[in-house]
Amino acid sequence: MNQAIRPTSENPPLAAGLPAVSVVVPTFNERDNVGALYRKLDAALKGVAWEVIFVDDNSPDHTSDVVRALAQRDSRVRCIRRIGRRGLSGACIEGILASSAPFAAVMDADLQHDETQLPKMLALLQSGEAELVVGSRYIEGGSADSFDRQRAGASALATEVAKRVLGVRIADPMSGFFMIRRDRFEQLAPELSIQGFKILLDIVATARTSSSTRELRTVEVPFTFGSRLHGESKLDSMVALDFLGLVVAKFTHDAVSLRFLLFAMVGGTGLVVHLGTLFTVLQFGVAFPAAQAAGAFVAMTSNFILNNFLTYRDQRLKGLAILRGLFAFYLVCSVGLLANVGVAFSVYDQAPIWWLAGAAGALMGVVWNYAMSGLFVWRRR
Ligand code: GDD
Ligand code: MN
């Protein structure tokens, strides 16, 4: 199919050699797949001025070397190698923003998405019929047969929640395969979350709820979600948490971030650990102040470990940095405890309602710990 671009108000004529569409491919350990994808793109996009931008999070299997080798033979191939960062959504955002083509597509590197749909998706955007085209597994003609039952169930549940809670109207908001007008994306970009997997849901929900933009005119095209060529999926059980966080963030109009929510949830488990330790240590006849200190110590330690694996898993501390981080965390939390007690006292002084004072103190503590941990424990490199 020849997708030469008709100049319209939506499509200003392109200067010779400039791409009409950028295909953004996030990669993590995909060295055996990128060459095959490149050849498939080349075949599918005959007659279209295209480029592909691989966004690699410094994969240990050196995917970026393979991409670089392709790029040396074909200038339509580009590679963004990100160091010290992880995350599918963030990688996609950076890739799209790095392109200057009027349209950008996002797809997996592992051939699970059907590249032969790209010309059709592009045509829908170029004609102005759509601002966003979604490759959909859940409309007539599409399928996700390669999913096992567990994953199919999880995907269906998440889709249902997204529709009900966020009022998203498309059939497959969890798809990782879509094409969008870059100018519309650029308006939304500052409000998108760089954490997590669900970039399409984020885009759709943000466009719906944001005060600065309007909803995206969206068309879905069916496709069959294939099997992965080489390697394994990077989706793990954490993706459920990511999803939940995104729903909460969008539902609260970004008042509550995923990271803060996770941090507060970990804090909640800390309370249980604290009381459990206190109870256990008291059984051994230890005096209350010492037992209370032991409880705090064990709770801070378990909070640190959980936060390192959950809340800040994208910038997880490793090796010796764990020890340094742990001590910084003890310090932060100790000051947080003072702030907690201080606020609780002053609230209680104003209005002697125990639960109000206690909750105010706890909120102060968690906000303090969160802010300071971001600065001193898991600071960005
Ligand atoms: N740069 C970067 N950083 N890329 C990543 C990361 C990351 O942290 N994690 C995963 N990727 C890349 C993978 O290398 C792959 O090219 C693509 O993102 C999707 O990851 P997969 O591991 O292949 O995910 P999946 O196939 O299990 O899930 C797909 O289907 C879901 C729908 O069920 C993805 O397309 C999801 O986005 C989609 O929601
Ligand atoms: Mn995949």
# chains A, B, ... in the order shown; residues from 1 in each chain; ligands from 1

$ closest_atom_pairs --of "chain A" --to "ligand 1" --cutoff "8 Å" --atoms "only C-alpha atoms and all ligand atoms" --output "tab-separated table"
residue	atom	partner	partner_atom_place_in_ligand_line	distance
A:Val25	CA	ligand 1	16 (O)	6.2
A:Pro26	CA	ligand 1	4 (N)	4.0
A:Thr27	CA	ligand 1	14 (O)	3.5
A:Phe28	CA	ligand 1	14 (O)	3.9
A:Asn29	CA	ligand 1	14 (O)	6.0
A:Glu30	CA	ligand 1	14 (O)	5.6
A:Val55	CA	ligand 1	1 (N)	5.1
A:Asp56	CA	ligand 1	1 (N)	4.3
A:Asp57	CA	ligand 1	1 (N)	4.4
A:Asn58	CA	ligand 1	1 (N)	7.9
A:Arg82	CA	ligand 1	1 (N)	7.7
A:Arg85	CA	ligand 1	8 (O)	7.7
A:Arg86	CA	ligand 1	8 (O)	4.2
A:Gly87	CA	ligand 1	8 (O)	3.4
A:Leu88	CA	ligand 1	7 (C)	4.1
A:Ser89	CA	ligand 1	3 (N)	7.7
A:Gly90	CA	ligand 1	3 (N)	7.6
A:Ala91	CA	ligand 1	1 (N)	4.9
A:Cys92	CA	ligand 1	1 (N)	7.4
A:Met107	CA	ligand 1	35 (O)	6.6
A:Asp108	CA	ligand 1	16 (O)	3.9
A:Ala109	CA	ligand 1	16 (O)	3.8
A:Asp110	CA	ligand 1	16 (O)	5.7
A:Gln112	CA	ligand 1	26 (O)	6.7
A:His113	CA	ligand 1	35 (O)	7.7
A:Arg151	CA	ligand 1	33 (O)	7.9
A:Ser155	CA	ligand 1	33 (O)	6.3
A:Met174	CA	ligand 1	39 (O)	4.7
A:Ser175	CA	ligand 1	39 (O)	4.8
A:Gly176	CA	ligand 1	35 (O)	3.5
A:Phe177	CA	ligand 1	35 (O)	6.3
A:Phe197	CA	ligand 1	37 (O)	5.5
A:Lys198	CA	ligand 1	39 (O)	5.8
A:Ile199	CA	ligand 1	37 (O)	7.4
A:Arg228	CA	ligand 1	26 (O)	7.0
A:Glu232	CA	ligand 1	22 (O)	6.3
A:Ser233	CA	ligand 1	22 (O)	3.3
A:Lys234	CA	ligand 1	22 (O)	3.5
A:Leu235	CA	ligand 1	27 (O)	4.9

$ select_by_dssp --residues "range 71-307 of chain A" --states "helix (DSSP H, G or I)" --output "PyMOL selection string"
chain A and resi 71-73+88-98+115-126+149-166+182-191+199-209+238-251+258-283+288-307

$ residues_around --residues "Gly342 in chain A" --least-positions-apart "6" --cutoff "12 Å" --atoms "only C-alpha atoms" --output "list in words"
Val335, Gly336, Tyr348, Asp349, Ala357, Gly358, Ala360, Gly361, Ala362, Leu363, Met364 and Gly365 of chain A

$ write_last_selection --atoms "N, CA, C and O atoms" --output "CSV table (one decimal), in the first residue's frame"
chain,number,residue,atom,x,y,z
A,335,VAL,N,13.8,11.3,62.5
A,335,VAL,CA,13.4,12.7,62.5
A,335,VAL,C,11.9,12.7,62.2
A,335,VAL,O,11.1,13.5,62.7
A,336,GLY,N,11.4,11.8,61.2
A,336,GLY,CA,10.0,11.7,60.9
A,336,GLY,C,9.2,11.4,62.1
A,336,GLY,O,8.1,11.9,62.3
A,348,TYR,N,-3.5,17.8,69.4
A,348,TYR,CA,-4.2,17.3,70.6
A,348,TYR,C,-4.4,18.5,71.5
A,348,TYR,O,-5.4,18.6,72.2
A,349,ASP,N,-3.4,19.4,71.5
A,349,ASP,CA,-3.5,20.6,72.3
A,349,ASP,C,-4.7,21.5,71.9
A,349,ASP,O,-5.4,22.0,72.8
A,357,ALA,N,-5.6,13.6,66.3
A,357,ALA,CA,-4.3,14.0,66.6
A,357,ALA,C,-3.3,12.9,66.1
A,357,ALA,O,-2.3,13.1,65.5
A,358,GLY,N,-3.7,11.6,66.4
A,358,GLY,CA,-2.9,10.5,65.9
A,358,GLY,C,-2.7,10.4,64.4
A,358,GLY,O,-1.6,10.3,63.9
A,360,ALA,N,-3.2,12.9,62.3
A,360,ALA,CA,-2.4,14.1,61.8
A,360,ALA,C,-0.9,13.8,61.9
A,360,ALA,O,-0.1,14.1,61.0
A,361,GLY,N,-0.6,13.3,63.1
A,361,GLY,CA,0.8,12.9,63.3
A,361,GLY,C,1.4,11.9,62.3
A,361,GLY,O,2.4,12.1,61.7
A,362,ALA,N,0.6,10.9,62.1
A,362,ALA,CA,1.0,9.8,61.2
A,362,ALA,C,1.1,10.4,59.8
A,362,ALA,O,2.1,10.0,59.1
A,363,LEU,N,0.2,11.2,59.4
A,363,LEU,CA,0.3,11.8,58.0
A,363,LEU,C,1.5,12.6,57.9
A,363,LEU,O,2.3,12.6,56.9
A,364,MET,N,1.8,13.4,58.9
A,364,MET,CA,3.0,14.3,58.9
A,364,MET,C,4.2,13.4,58.8
A,364,MET,O,5.1,13.7,58.0
A,365,GLY,N,4.2,12.3,59.5
A,365,GLY,CA,5.4,11.4,59.5
A,365,GLY,C,5.6,10.8,58.1
A,365,GLY,O,6.7,10.8,57.6

$ residues_around --residues "Ser146 in chain A" --least-positions-apart "4" --cutoff "8 Å" --atoms "only C-alpha atoms" --output "PyMOL selection string"
chain A and resi 225-227

$ atom_distance --atom1 "CA of Asp32 in chain A" --atom2 "CA of Gly141 in chain A"
29.4 Å

$ select_by_dssp --residues "range 200-359 of chain A" --states "strand (DSSP E)" --output "list of chain:residue names"
A:Thr218, A:Val219, A:Glu220, A:Val221, A:Pro222

$ residues_around --residues "Phe251 in chain A" --least-positions-apart "5" --cutoff "9 Å" --atoms "only C-alpha atoms" --output "list in words"
Val165, Leu166, Thr209, Leu246 and Val256 of chain A

$ residues_around --residues "range 135-140 of chain A" --least-positions-apart "6" --cutoff "9 Å" --atoms "only C-alpha atoms" --output "list of chain:residue names"
A:His113, A:Asp114, A:Gln117, A:Met121, A:Ile170, A:Ala171, A:Asp172, A:Pro173, A:Met174, A:Ser175, A:Gly176, A:Phe177, A:Phe178, A:Met179, A:Val219, A:Glu220, A:Val221, A:Pro222, A:Phe223, A:Thr224, A:Phe225

$ closest_atom_pairs --of "range 215-279 of chain A" --to "range 302-305 of chain A" --cutoff "8 Å" --atoms "only C-alpha atoms" --output "CSV"
residue,atom,partner,partner_atom,distance
A:Val266,CA,A:Asn303,CA,6.0
A:Gly267,CA,A:Asn303,CA,6.5
A:Thr269,CA,A:Asn303,CA,7.6
A:Gly270,CA,A:Asn303,CA,5.8
A:Val273,CA,A:Ser302,CA,7.8
